[in-house]
$ cat my_file_3.txt   # compact mmCIF, C-alpha atoms and all ligand atoms
# COMPACT_ATOMS: atom_id res chain seq x y z
CA MET A 1 4.33 -39.78 -14.97
CA THR A 2 2.02 -36.78 -15.22
CA SER A 3 2.30 -34.89 -18.51
CA LEU A 4 4.49 -31.80 -18.39
CA ASP A 5 2.60 -30.10 -21.21
CA ALA A 6 0.02 -27.90 -19.48
CA LEU A 7 2.30 -25.94 -17.19
CA TRP A 8 4.13 -22.87 -18.49
CA LEU A 9 7.19 -22.40 -16.28
CA PRO A 10 8.34 -18.88 -15.33
CA PHE A 11 11.71 -17.52 -16.50
CA THR A 12 12.54 -20.92 -18.03
CA PRO A 13 13.36 -22.14 -21.52
CA ASN A 14 10.26 -24.38 -21.41
CA ARG A 15 10.96 -26.62 -24.39
CA ALA A 16 14.51 -27.37 -23.31
CA PHE A 17 13.39 -27.94 -19.72
CA LYS A 18 10.70 -30.39 -20.71
CA ARG A 19 13.18 -32.38 -22.77
CA ALA A 20 15.31 -32.84 -19.63
CA PRO A 21 13.21 -31.89 -16.60
CA ARG A 22 14.65 -31.41 -13.14
CA LEU A 23 11.98 -32.25 -10.59
CA LEU A 24 12.37 -31.71 -6.87
CA VAL A 25 10.16 -33.77 -4.59
CA ALA A 26 11.41 -33.16 -1.05
CA ALA A 27 13.81 -31.03 0.97
CA GLU A 28 15.46 -30.99 4.37
CA GLY A 29 18.15 -28.74 5.80
CA MET A 30 20.79 -28.11 3.13
CA TYR A 31 19.44 -30.69 0.67
CA TYR A 32 16.79 -31.25 -1.94
CA ARG A 33 15.79 -34.71 -3.14
CA ASP A 34 14.96 -35.04 -6.82
CA ALA A 35 12.42 -37.32 -8.49
CA ASP A 36 15.10 -39.97 -9.09
CA GLY A 37 15.92 -40.09 -5.39
CA ASN A 38 19.19 -38.16 -5.68
CA SER A 39 20.25 -35.83 -2.90
CA VAL A 40 21.06 -32.33 -4.19
CA LEU A 41 23.01 -29.81 -2.10
CA ASP A 42 21.23 -26.46 -2.27
CA ALA A 43 23.80 -23.77 -3.08
CA THR A 44 21.12 -21.20 -3.95
CA SER A 45 18.75 -21.23 -0.95
CA GLY A 46 16.04 -22.27 -3.38
CA LEU A 47 15.74 -18.92 -5.14
CA TRP A 48 17.64 -16.79 -2.60
CA CYS A 49 14.92 -17.37 -0.03
CA VAL A 50 15.48 -20.43 2.17
CA ASN A 51 18.01 -18.70 4.41
CA ALA A 52 17.51 -21.02 7.41
CA GLY A 53 17.55 -24.25 5.39
CA HIS A 54 14.66 -26.41 4.28
CA CYS A 55 11.63 -27.73 6.16
CA ARG A 56 12.80 -26.45 9.51
CA PRO A 57 10.48 -28.03 12.11
CA PRO A 58 9.59 -24.82 14.04
CA ILE A 59 8.50 -23.15 10.81
CA VAL A 60 6.65 -26.21 9.53
CA GLN A 61 4.80 -26.57 12.81
CA ALA A 62 3.89 -22.87 12.98
CA ILE A 63 2.36 -23.10 9.50
CA GLN A 64 0.49 -26.29 10.40
CA ARG A 65 -0.91 -24.69 13.56
CA ALA A 66 -1.99 -21.56 11.71
CA ALA A 67 -3.66 -23.56 8.95
CA ALA A 68 -5.66 -25.51 11.52
CA THR A 69 -6.57 -22.47 13.65
CA LEU A 70 -7.15 -19.44 11.43
CA ASP A 71 -6.87 -20.39 7.79
CA TYR A 72 -7.66 -16.94 6.50
CA ALA A 73 -8.63 -13.52 7.86
CA PRO A 74 -9.57 -10.57 5.64
CA GLY A 75 -7.03 -7.79 5.74
CA PHE A 76 -9.41 -5.01 4.75
CA ASN A 77 -11.28 -3.59 7.74
CA MET A 78 -10.31 -6.71 9.69
CA ALA A 79 -7.06 -8.04 11.03
CA HIS A 80 -5.55 -10.77 13.19
CA PRO A 81 -3.02 -10.50 16.02
CA ALA A 82 -0.10 -12.24 14.30
CA ALA A 83 0.03 -9.56 11.59
CA PHE A 84 0.62 -6.85 14.23
CA GLU A 85 3.14 -9.04 16.03
CA LEU A 86 5.08 -9.61 12.83
CA ALA A 87 5.08 -5.90 11.96
CA ASP A 88 6.60 -5.20 15.39
CA ARG A 89 9.17 -7.95 14.98
CA LEU A 90 10.26 -6.56 11.61
CA THR A 91 10.59 -2.98 12.78
CA ALA A 92 12.60 -4.24 15.78
CA ILE A 93 15.35 -5.66 13.54
CA ALA A 94 15.15 -2.94 10.85
CA PRO A 95 17.38 0.14 10.85
CA ALA A 96 16.12 2.86 13.17
CA GLY A 97 13.33 4.96 11.70
CA LEU A 98 11.77 2.25 9.52
CA GLU A 99 8.77 1.97 11.82
CA ARG A 100 5.78 1.22 9.63
CA VAL A 101 5.02 -1.92 7.62
CA PHE A 102 2.73 -2.83 4.71
CA PHE A 103 2.33 -6.52 3.82
CA THR A 104 2.34 -7.96 0.30
CA ASN A 105 2.81 -11.46 -1.13
CA SER A 106 5.99 -11.16 -3.18
CA GLY A 107 8.94 -9.00 -4.03
CA SER A 108 7.25 -7.68 -7.15
CA GLU A 109 4.24 -6.59 -5.13
CA SER A 110 6.52 -5.01 -2.53
CA VAL A 111 8.20 -2.92 -5.22
CA ASP A 112 4.95 -1.75 -6.79
CA THR A 113 3.58 -1.02 -3.30
CA ALA A 114 6.67 1.01 -2.40
CA LEU A 115 6.34 3.09 -5.57
CA LYS A 116 2.68 3.75 -4.72
CA ILE A 117 3.53 4.73 -1.14
CA VAL A 118 6.05 7.22 -2.51
CA MET A 119 3.41 8.70 -4.84
CA ALA A 120 0.84 8.83 -2.04
CA TYR A 121 3.34 10.53 0.25
CA HIS A 122 4.25 13.26 -2.24
CA ALA A 123 0.59 13.76 -3.11
CA ALA A 124 -0.30 14.04 0.59
CA ARG A 125 2.24 16.84 0.95
CA GLY A 126 0.98 18.60 -2.17
CA ASP A 127 4.32 17.96 -3.88
CA THR A 128 2.76 16.68 -7.10
CA LYS A 129 5.73 17.77 -9.20
CA ARG A 130 7.74 14.83 -7.88
CA ARG A 131 6.74 12.14 -10.35
CA ARG A 132 9.95 10.66 -11.64
CA PHE A 133 11.36 7.34 -10.45
CA VAL A 134 15.01 6.62 -11.04
CA GLY A 135 16.22 3.02 -11.20
CA ARG A 136 19.57 1.59 -12.20
CA VAL A 137 20.88 -0.29 -15.19
CA ARG A 138 20.91 -4.04 -14.38
CA GLY A 139 18.54 -3.51 -11.47
CA TYR A 140 15.91 -6.20 -10.91
CA HIS A 141 12.76 -5.18 -9.11
CA GLY A 142 10.40 -7.98 -10.01
CA VAL A 143 7.95 -8.25 -12.85
CA GLY A 144 5.09 -5.86 -12.13
CA PHE A 145 4.79 -2.91 -14.50
CA GLY A 146 6.26 -0.66 -11.83
CA GLY A 147 9.13 -3.04 -11.20
CA ILE A 148 10.08 -3.53 -14.84
CA SER A 149 9.80 0.22 -15.46
CA VAL A 150 12.37 1.09 -12.80
CA GLY A 151 14.24 -2.14 -13.48
CA GLY A 152 17.24 -2.19 -15.75
CA LEU A 153 17.25 -5.59 -17.43
CA GLU A 154 16.49 -5.27 -21.10
CA ASN A 155 15.10 -8.76 -21.61
CA ASN A 156 12.46 -8.12 -18.96
CA ARG A 157 11.34 -4.86 -20.59
CA ARG A 158 11.65 -5.30 -24.34
CA VAL A 159 8.27 -6.79 -25.19
CA PHE A 160 6.49 -4.49 -22.74
CA ALA A 161 8.43 -1.33 -23.53
CA SER A 162 5.45 0.49 -25.01
CA HIS A 163 3.54 0.28 -21.75
CA LEU A 164 6.07 1.03 -19.05
CA LEU A 165 5.23 3.61 -16.36
CA PRO A 166 5.71 7.21 -17.45
CA HIS A 167 8.56 9.22 -15.87
CA THR A 168 10.77 6.16 -15.45
CA ASP A 169 13.15 6.61 -18.38
CA ALA A 170 16.18 7.84 -16.41
CA HIS A 171 18.40 5.15 -14.92
CA LEU A 172 21.63 5.36 -12.99
CA PRO A 173 24.54 3.48 -14.58
CA THR A 174 25.38 0.05 -13.23
CA THR A 175 28.13 -0.05 -10.64
CA HIS A 176 29.58 -3.00 -12.47
CA GLY A 177 32.21 -3.22 -15.15
CA LEU A 178 35.16 -1.18 -13.93
CA PRO A 179 38.28 -3.13 -14.89
CA GLU A 180 39.96 -2.11 -11.61
CA ASN A 181 37.28 -4.05 -9.73
CA LEU A 182 37.81 -7.43 -11.40
CA PHE A 183 38.18 -10.24 -8.84
CA ALA A 184 37.57 -7.75 -6.01
CA HIS A 185 37.17 -9.34 -2.61
CA ALA A 186 33.92 -8.22 -0.95
CA GLN A 187 33.25 -4.53 -1.70
CA PRO A 188 35.28 -3.18 -4.63
CA THR A 189 37.18 -0.01 -3.90
CA HIS A 190 36.51 1.85 -7.16
CA GLY A 191 33.25 3.35 -8.34
CA ALA A 192 31.67 5.46 -5.57
CA HIS A 193 31.61 8.30 -8.13
CA LEU A 194 29.04 6.36 -10.20
CA ALA A 195 26.40 7.63 -7.73
CA ASP A 196 27.10 11.14 -9.06
CA ALA A 197 25.18 10.21 -12.20
CA LEU A 198 22.14 11.20 -10.14
CA GLU A 199 23.36 14.78 -10.43
CA GLU A 200 23.21 14.47 -14.22
CA ILE A 201 19.61 13.29 -14.04
CA VAL A 202 18.88 16.17 -11.68
CA ALA A 203 20.53 18.56 -14.14
CA ILE A 204 18.24 17.42 -16.94
CA HIS A 205 14.97 16.92 -15.10
CA GLY A 206 15.29 19.00 -11.93
CA GLY A 207 15.82 17.50 -8.49
CA ASP A 208 12.35 18.65 -7.45
CA THR A 209 10.70 16.39 -10.07
CA ILE A 210 12.27 13.18 -8.76
CA ALA A 211 10.04 11.22 -6.40
CA ALA A 212 12.44 8.42 -5.51
CA VAL A 213 15.52 6.44 -6.44
CA ILE A 214 15.31 2.66 -6.18
CA VAL A 215 18.32 0.34 -6.05
CA GLU A 216 19.23 -3.04 -4.66
CA PRO A 217 22.00 -2.51 -2.08
CA MET A 218 23.72 -5.44 -3.82
CA ALA A 219 22.22 -6.39 -7.18
CA GLY A 220 21.50 -10.11 -6.99
CA SER A 221 19.51 -11.30 -9.99
CA ALA A 222 21.67 -9.48 -12.54
CA GLY A 223 24.66 -11.50 -11.39
CA VAL A 224 25.88 -10.41 -7.93
CA LEU A 225 26.99 -6.82 -8.44
CA VAL A 226 28.52 -5.60 -5.19
CA PRO A 227 28.33 -1.86 -4.46
CA PRO A 228 31.70 -0.08 -4.41
CA VAL A 229 32.88 1.30 -1.08
CA GLY A 230 31.17 4.65 -0.48
CA TYR A 231 28.66 4.34 -3.32
CA LEU A 232 25.49 3.87 -1.26
CA GLU A 233 26.58 6.57 1.19
CA ARG A 234 27.00 8.98 -1.72
CA LEU A 235 23.64 8.06 -3.20
CA ARG A 236 21.98 8.67 0.18
CA ALA A 237 23.64 12.09 0.49
CA LEU A 238 22.61 13.12 -3.03
CA CYS A 239 19.01 12.04 -2.44
CA ASP A 240 18.96 14.04 0.79
CA ALA A 241 20.37 17.09 -0.97
CA HIS A 242 17.47 17.08 -3.43
CA GLY A 243 14.62 15.87 -1.21
CA ILE A 244 14.48 12.58 -3.11
CA LEU A 245 13.31 9.43 -1.32
CA LEU A 246 15.61 6.42 -1.41
CA ILE A 247 14.19 2.90 -1.72
CA PHE A 248 16.38 -0.12 -1.03
CA ASP A 249 15.05 -3.25 -2.67
CA GLU A 250 16.18 -5.81 -0.11
CA VAL A 251 14.25 -8.78 -1.46
CA ILE A 252 17.52 -10.71 -1.75
CA THR A 253 19.80 -8.80 0.62
CA GLY A 254 17.38 -8.99 3.55
CA PHE A 255 17.49 -11.54 6.36
CA GLY A 256 21.15 -12.24 6.75
CA ARG A 257 22.33 -12.89 3.22
CA LEU A 258 25.07 -10.26 3.55
CA GLY A 259 26.00 -11.15 7.14
CA ALA A 260 23.66 -8.63 8.77
CA ALA A 261 19.89 -8.33 9.12
CA PHE A 262 19.64 -6.18 5.99
CA GLY A 263 21.91 -4.63 3.38
CA ALA A 264 21.06 -1.29 5.00
CA THR A 265 22.45 -2.64 8.28
CA ARG A 266 25.52 -4.10 6.59
CA PHE A 267 26.39 -0.84 4.82
CA GLY A 268 25.19 1.55 7.53
CA VAL A 269 22.97 3.43 5.08
CA THR A 270 19.30 3.80 5.92
CA PRO A 271 16.78 4.17 3.10
CA ASP A 272 13.34 5.79 3.36
CA LEU A 273 11.64 2.60 2.26
CA MET A 274 12.78 -0.99 2.13
CA THR A 275 11.15 -3.77 0.10
CA LEU A 276 11.29 -7.31 1.46
CA ALA A 277 10.12 -10.82 0.51
CA LYS A 278 11.84 -14.23 0.12
CA GLY A 279 13.70 -14.80 3.41
CA ILE A 280 10.91 -13.18 5.40
CA THR A 281 9.21 -16.61 5.64
CA ASN A 282 12.28 -18.67 4.76
CA GLY A 283 10.51 -19.20 1.44
CA ALA A 284 7.90 -21.42 3.06
CA VAL A 285 4.84 -19.24 2.37
CA PRO A 286 4.70 -16.42 -0.18
CA MET A 287 5.02 -13.07 1.56
CA GLY A 288 6.50 -9.61 1.07
CA ALA A 289 6.61 -6.40 3.04
CA VAL A 290 7.44 -2.73 2.64
CA LEU A 291 9.07 -1.03 5.60
CA MET A 292 9.07 2.76 5.63
CA GLN A 293 9.99 5.78 7.65
CA ARG A 294 7.17 6.63 9.96
CA ALA A 295 6.86 10.14 8.46
CA LEU A 296 5.75 8.70 5.12
CA HIS A 297 2.95 6.70 6.68
CA ASP A 298 1.91 9.57 8.95
CA ALA A 299 1.77 12.10 6.11
CA VAL A 300 -0.61 9.90 4.11
CA LEU A 301 -2.85 9.28 7.10
CA ASP A 302 -2.80 12.92 8.16
CA ALA A 303 -3.77 14.15 4.71
CA SER A 304 -6.88 12.03 4.69
CA ALA A 305 -10.20 13.59 5.58
CA GLY A 306 -11.33 10.26 7.03
CA GLY A 307 -12.12 6.93 5.45
CA ILE A 308 -9.58 4.84 3.59
CA GLU A 309 -6.24 6.64 3.45
CA PHE A 310 -4.43 4.44 0.91
CA PHE A 311 -6.34 2.72 -1.87
CA HIS A 312 -4.09 -0.28 -2.13
CA GLY A 313 -3.77 -3.79 -0.70
CA TYR A 314 -4.04 -7.48 -1.49
CA THR A 315 -6.54 -10.18 -0.53
CA TYR A 316 -3.63 -12.00 1.06
CA SER A 317 -1.80 -9.03 2.68
CA GLY A 318 -0.70 -10.36 6.08
CA HIS A 319 -2.07 -13.86 5.44
CA PRO A 320 -2.21 -15.85 8.71
CA LEU A 321 -0.05 -18.70 7.35
CA ALA A 322 2.53 -16.26 6.06
CA CYS A 323 2.61 -14.35 9.36
CA ALA A 324 3.00 -17.57 11.32
CA ALA A 325 5.79 -18.71 9.02
CA ALA A 326 7.53 -15.33 9.25
CA ILE A 327 7.39 -15.13 13.05
CA ALA A 328 8.75 -18.68 13.35
CA THR A 329 11.42 -17.84 10.78
CA LEU A 330 12.52 -14.74 12.69
CA ASP A 331 12.72 -16.92 15.83
CA VAL A 332 15.02 -19.38 14.03
CA TYR A 333 17.20 -16.57 12.67
CA ARG A 334 17.48 -15.12 16.19
CA ASP A 335 17.88 -18.35 18.17
CA GLU A 336 20.54 -19.75 15.84
CA GLN A 337 22.13 -16.32 15.29
CA LEU A 338 22.16 -17.02 11.59
CA PHE A 339 22.95 -13.46 10.49
CA ASP A 340 26.11 -13.53 12.64
CA ARG A 341 26.86 -17.01 11.39
CA ALA A 342 26.77 -15.71 7.82
CA ALA A 343 29.18 -12.93 8.79
CA GLN A 344 31.51 -15.41 10.48
CA LEU A 345 31.50 -17.78 7.50
CA ALA A 346 32.02 -14.96 4.99
CA PRO A 347 35.87 -14.95 5.03
CA ALA A 348 36.07 -18.72 4.44
CA TRP A 349 33.40 -18.41 1.75
CA GLU A 350 35.34 -15.60 0.10
CA ALA A 351 38.55 -17.63 0.07
CA ALA A 352 36.74 -20.69 -1.29
CA VAL A 353 35.03 -18.92 -4.19
CA HIS A 354 38.10 -16.92 -5.18
CA ALA A 355 40.03 -20.18 -5.39
CA LEU A 356 38.14 -20.70 -8.67
CA ARG A 357 40.18 -17.92 -10.25
CA GLY A 358 42.17 -19.37 -13.12
CA GLU A 359 39.68 -22.14 -13.89
CA PRO A 360 38.56 -22.33 -17.54
CA HIS A 361 36.54 -19.35 -18.79
CA VAL A 362 36.32 -17.63 -15.39
CA ILE A 363 36.62 -13.90 -16.13
CA ASP A 364 35.53 -12.43 -12.78
CA ILE A 365 34.62 -13.50 -9.26
CA ARG A 366 32.64 -11.38 -6.78
CA ASN A 367 31.49 -12.05 -3.24
CA LEU A 368 29.82 -10.49 -0.23
CA GLY A 369 28.41 -12.13 2.88
CA LEU A 370 27.27 -15.60 1.79
CA VAL A 371 26.85 -14.65 -1.87
CA ALA A 372 29.16 -15.17 -4.80
CA GLY A 373 29.05 -14.40 -8.50
CA ILE A 374 31.36 -16.29 -10.85
CA GLU A 375 31.32 -14.77 -14.30
CA LEU A 376 32.19 -16.93 -17.29
CA GLU A 377 33.24 -15.81 -20.71
CA PRO A 378 30.21 -16.29 -23.00
CA ARG A 379 30.67 -18.75 -25.84
CA VAL A 380 30.95 -16.91 -29.15
CA GLY A 381 27.52 -16.67 -30.77
CA ALA A 382 25.81 -18.49 -27.88
CA PRO A 383 25.53 -16.25 -24.82
CA GLY A 384 24.13 -18.13 -21.84
CA ALA A 385 24.89 -21.57 -23.27
CA ARG A 386 27.94 -22.12 -21.10
CA GLY A 387 26.05 -21.07 -17.99
CA ALA A 388 23.16 -23.42 -18.77
CA GLU A 389 25.53 -26.33 -19.32
CA ILE A 390 27.44 -25.69 -16.10
CA MET A 391 24.18 -25.49 -14.18
CA ALA A 392 22.99 -28.82 -15.64
CA ALA A 393 26.37 -30.46 -14.95
CA CYS A 394 26.41 -29.29 -11.32
CA PHE A 395 22.88 -30.56 -10.80
CA GLN A 396 23.92 -33.92 -12.23
CA ALA A 397 26.79 -33.90 -9.76
CA GLY A 398 24.44 -33.18 -6.86
CA VAL A 399 24.72 -29.42 -6.36
CA LEU A 400 22.03 -26.87 -7.24
CA ILE A 401 23.55 -23.62 -8.48
CA ARG A 402 21.86 -20.71 -10.22
CA VAL A 403 22.97 -18.98 -13.40
CA THR A 404 22.04 -15.64 -14.90
CA GLY A 405 23.23 -15.97 -18.47
CA ASP A 406 26.87 -16.90 -18.04
CA ILE A 407 27.16 -15.76 -14.44
CA ILE A 408 26.98 -18.38 -11.70
CA ALA A 409 25.27 -17.08 -8.57
CA LEU A 410 25.84 -18.96 -5.32
CA SER A 411 23.88 -18.17 -2.14
CA PRO A 412 23.61 -21.19 0.16
CA PRO A 413 21.39 -21.31 3.24
CA LEU A 414 23.09 -19.61 6.17
CA ILE A 415 23.33 -23.00 7.95
CA VAL A 416 25.86 -24.21 5.37
CA GLU A 417 28.79 -26.14 6.86
CA PRO A 418 32.42 -25.55 5.80
CA ALA A 419 32.59 -29.04 4.26
CA GLN A 420 29.53 -28.24 2.15
CA ILE A 421 31.18 -25.03 0.95
CA GLU A 422 34.12 -27.16 -0.16
CA GLN A 423 31.74 -29.55 -1.93
CA ILE A 424 30.00 -26.70 -3.79
CA ILE A 425 33.31 -25.28 -4.99
CA ALA A 426 34.68 -28.70 -5.94
CA VAL A 427 31.61 -29.51 -8.03
CA VAL A 428 31.68 -26.12 -9.80
CA ARG A 429 35.43 -26.53 -10.46
CA GLU A 430 34.97 -30.01 -11.87
CA ALA A 431 32.10 -28.82 -14.12
CA LEU A 432 34.18 -25.90 -15.40
CA ARG A 433 37.09 -28.21 -16.21
CA ARG A 434 34.98 -30.91 -17.77
CA LEU A 435 33.08 -28.50 -20.04
CA ALA A 436 36.19 -26.54 -20.99
C1 LIG B 501 15.71 -7.34 -5.69
C2 LIG B 501 14.47 -8.06 -6.08
N1 LIG B 501 13.32 -7.40 -6.13
C3 LIG B 501 12.17 -8.00 -6.45
C4 LIG B 501 12.13 -9.33 -6.78
C5 LIG B 501 10.86 -9.97 -7.16
O1 LIG B 501 10.42 -10.84 -6.18
P1 LIG B 501 9.25 -11.89 -6.52
O2 LIG B 501 9.81 -12.87 -7.49
O3 LIG B 501 8.93 -12.47 -5.17
O4 LIG B 501 8.11 -11.12 -7.09
C6 LIG B 501 13.32 -10.07 -6.74
C7 LIG B 501 13.34 -11.51 -7.07
O5 LIG B 501 14.35 -12.12 -7.21
C8 LIG B 501 14.51 -9.41 -6.40
O6 LIG B 501 15.69 -10.06 -6.38

$ encode --input "my_file_3.txt" --output "structure tokens"
Amino acid sequence: MTSLDALWLPFTPNRAFKRAPRLLVAAEGMYYRDADGNSVLDATSGLWCVNAGHCRPPIVQAIQRAAATLDYAPGFNMAHPAAFELADRLTAIAPAGLERVFFTNSGSESVDTALKIVMAYHAARGDTKRRRFVGRVRGYHGVGFGGISVGGLENNRRVFASHLLPHTDAHLPTTHGLPENLFAHAQPTHGAHLADALEEIVAIHGGDTIAAVIVEPMAGSAGVLVPPVGYLERLRALCDAHGILLIFDEVITGFGRLGAAFGATRFGVTPDLMTLAKGITNGAVPMGAVLMQRALHDAVLDASAGGIEFFHGYTYSGHPLACAAAIATLDVYRDEQLFDRAAQLAPAWEAAVHALRGEPHVIDIRNLGLVAGIELEPRVGAPGARGAEIMAACFQAGVLIRVTGDIIALSPPLIVEPAQIEQIIAVVREALRRLA
């Protein structure tokens, strides 16, 4: 077998992984196949991205056609029709008002792009006092310097702390951790008041110095933290009261994961900008996008004396293969009504995951749409060890789960069948009991 030495794997304990590697060699529908020929049920949609299931023929064929027809087209001063078509398709399913689109290649790039659009917008209006970005504790916004600055995960910031963006030191508190919300089903009822922390930041810094607030509608990477009822509505109202833009980072919550096209749709709260990636192409080709209120785009263009209005973009913005994959993906989502399917499966999913209450070391269970977080009590002196062992045991037993420390995160493709939900839960239960 090829040596594993040269490759440095992202967000992975490399030495431990290379002692016991898990190699995937093929995928179809709900299943991966590993290098030993085992079939592995995908309970994580890859990395929260394969929402329509793996290697779907319409998407595969669209990518193959694009690769053979127009392998690449520059995005600066040139364009190709599919990029415009995709922008239209995205605005058509986005909440009303989000009418302009900028393409990127990942969630991290979408976040950094959104922060830059906010800065360009305020600059265009001559509102240069608005420099501060407010994130949230336990927020994950990718790994660019912008994203880790507004992000709220200490491990991702510690080594880089001396070089974070300026004016990003104020974070909202996490919505997670209220004892009343333990084992809440879907949205917890307590905690809308946590949005009021924005008023405290306003009191210290002045509302007119805050450029934007960025949050995930439901925090995914930090361990499935579901927003309390009324929280996002309150945050929107407070932002409006102070002229602050609101960014929803929908890299995970977009494309049906919560049983609606976007988290914004699910919660009925419309942000000024929305960052997307992952499910936009069903994970098949890297791509991201920023959707924004038309007024933001127009202000930047109107302020320009001519020439380039926004000095930003990527060699692969709107790549032809990514656009082809995304259009085919949106067709599959629409034709199979997968966002509705996720909503219809959600009650059975909720019942199935909450049935794990009472299993060894389970200290909380959370769910929304087709997502669940199962929090385990960390082993004394070895945080994360239990999670890693459960993940390895489930993989051995033929189910791919994801863990963040000691929190299990489940997010199967939206094509999951009820029997497969039962299988996922049975395998997690068995692993919890066996490792107790
Ligand atoms: C909310 C959110 N934002 C941004 C990102 C970063 O996306 P990427 O890994 O594509 O850069 C992620 C990735 O999980 C995410 O969950």

$ residues_near_ligand --input "my_file_3.txt" --ligand "ligand LIG 501 (chain B)" --cutoff "7 Å" --atoms "all atoms listed in the file" --output "MDAnalysis selection string"
chainID A and resid 106:109 111 140:143 216 219:221 249:252 277:278

$ residues_around --input "my_file_3.txt" --residues "Leu47 of chain A" --least-positions-apart "6" --cutoff "12 Å" --atoms "only C-alpha atoms" --output "list in words"
Gly53, Gly220, Ser221, Val251, Ile252, Ala277, Lys278, Gly279, Asn282, Gly283, Ala284, Leu400, Ile401, Arg402, Val403, Ala409, Leu410, Ser411, Pro412 and Pro413 of chain A

$ residues_around --input "my_file_3.txt" --residues "Arg294 of chain A" --least-positions-apart "2" --cutoff "6 Å" --atoms "all atoms listed in the file" --output "list in words"
Glu99, Arg100, Leu296 and His297 of chain A

$ residues_around --input "my_file_3.txt" --residues "segment 79-81 of chain A" --least-positions-apart "4" --cutoff "10 Å" --atoms "only C-alpha atoms" --output "VMD selection string"
chain A and resid 70 72 to 75 85 to 86 317 to 320 323

$ closest_residue --input "my_file_3.txt" --among "A:Ala303, A:Glu154, A:Pro217, A:Ile415" --to "Thr275 of chain A" --atoms "all atoms listed in the file"
A:Pro217

$ closest_residue --input "my_file_3.txt" --among "A:Asn367, A:Thr175, A:Thr329, A:Gln337" --to "Ile408 of chain A" --atoms "all atoms listed in the file"
A:Asn367

$ residues_around --input "my_file_3.txt" --residues "segment 204-211 of chain A" --least-positions-apart "2" --cutoff "9 Å" --atoms "only C-alpha atoms" --output "MDAnalysis selection string"
chainID A and resid 115 118:119 122 127:134 167 199:202 213 239 241:246

$ write_last_selection --input "my_file_3.txt" --atoms "C-alpha atoms" --output "mmCIF file, keeping the file's coordinate frame"
data_model
loop_
_atom_site.group_PDB
_atom_site.id
_atom_site.type_symbol
_atom_site.label_atom_id
_atom_site.label_comp_id
_atom_site.auth_asym_id
_atom_site.auth_seq_id
_atom_site.Cartn_x
_atom_site.Cartn_y
_atom_site.Cartn_z
ATOM 1 C CA LEU A 115 6.340 3.090 -5.570
ATOM 2 C CA VAL A 118 6.050 7.220 -2.510
ATOM 3 C CA MET A 119 3.410 8.700 -4.840
ATOM 4 C CA HIS A 122 4.250 13.260 -2.240
ATOM 5 C CA ASP A 127 4.320 17.960 -3.880
ATOM 6 C CA THR A 128 2.760 16.680 -7.100
ATOM 7 C CA LYS A 129 5.730 17.770 -9.200
ATOM 8 C CA ARG A 130 7.740 14.830 -7.880
ATOM 9 C CA ARG A 131 6.740 12.140 -10.350
ATOM 10 C CA ARG A 132 9.950 10.660 -11.640
ATOM 11 C CA PHE A 133 11.360 7.340 -10.450
ATOM 12 C CA VAL A 134 15.010 6.620 -11.040
ATOM 13 C CA HIS A 167 8.560 9.220 -15.870
ATOM 14 C CA GLU A 199 23.360 14.780 -10.430
ATOM 15 C CA GLU A 200 23.210 14.470 -14.220
ATOM 16 C CA ILE A 201 19.610 13.290 -14.040
ATOM 17 C CA VAL A 202 18.880 16.170 -11.680
ATOM 18 C CA VAL A 213 15.520 6.440 -6.440
ATOM 19 C CA CYS A 239 19.010 12.040 -2.440
ATOM 20 C CA ALA A 241 20.370 17.090 -0.970
ATOM 21 C CA HIS A 242 17.470 17.080 -3.430
ATOM 22 C CA GLY A 243 14.620 15.870 -1.210
ATOM 23 C CA ILE A 244 14.480 12.580 -3.110
ATOM 24 C CA LEU A 245 13.310 9.430 -1.320
ATOM 25 C CA LEU A 246 15.610 6.420 -1.410
#

$ residues_around --input "my_file_3.txt" --residues "Ala124 of chain A" --least-positions-apart "4" --cutoff "7 Å" --atoms "all atoms listed in the file" --output "number ranges by chain"
A: 120, 299-300, 303

$ closest_residue --input "my_file_3.txt" --among "A:Glu350, A:Asp36, A:Tyr231, A:Phe102" --to "Gly288 of chain A" --atoms "only C-alpha atoms"
A:Phe102

$ closest_residue --input "my_file_3.txt" --among "A:His193, A:His312, A:Arg434, A:Arg257" --to "Gln344 of chain A" --atoms "all atoms listed in the file"
A:Arg257

$ atom_distance --input "my_file_3.txt" --atom1 "atom CA of Glu377 of chain A" --atom2 "atom CA of Asp406 of chain A"
7.0 Å

$ closest_residue --input "my_file_3.txt" --among "A:Ile374, A:Ala322, A:Ala43, A:Ala264" --to "Met218 of chain A" --atoms "all atoms listed in the file"
A:Ala264

$ closest_residue --input "my_file_3.txt" --among "A:Asn105, A:Ser39, A:Ser149, A:Asn181" --to "Pro166 of chain A" --atoms "only C-alpha atoms"
A:Ser149

$ residues_near_point --input "my_file_3.txt" --point "(25.1, 1.3, -12.4)" --cutoff "9 Å" --atoms "only C-alpha atoms" --output "compact mmCIF listing (two decimals) with C-alpha atoms, keeping the file's coordinate frame"
# COMPACT_ATOMS: atom_id res chain seq x y z
CA ARG A 136 19.57 1.59 -12.20
CA VAL A 137 20.88 -0.29 -15.19
CA ARG A 138 20.91 -4.04 -14.38
CA GLY A 139 18.54 -3.51 -11.47
CA HIS A 171 18.40 5.15 -14.92
CA LEU A 172 21.63 5.36 -12.99
CA PRO A 173 24.54 3.48 -14.58
CA THR A 174 25.38 0.05 -13.23
CA THR A 175 28.13 -0.05 -10.64
CA HIS A 176 29.58 -3.00 -12.47
CA GLY A 177 32.21 -3.22 -15.15
CA LEU A 194 29.04 6.36 -10.20
CA ALA A 195 26.40 7.63 -7.73
CA ALA A 197 25.18 10.21 -12.20
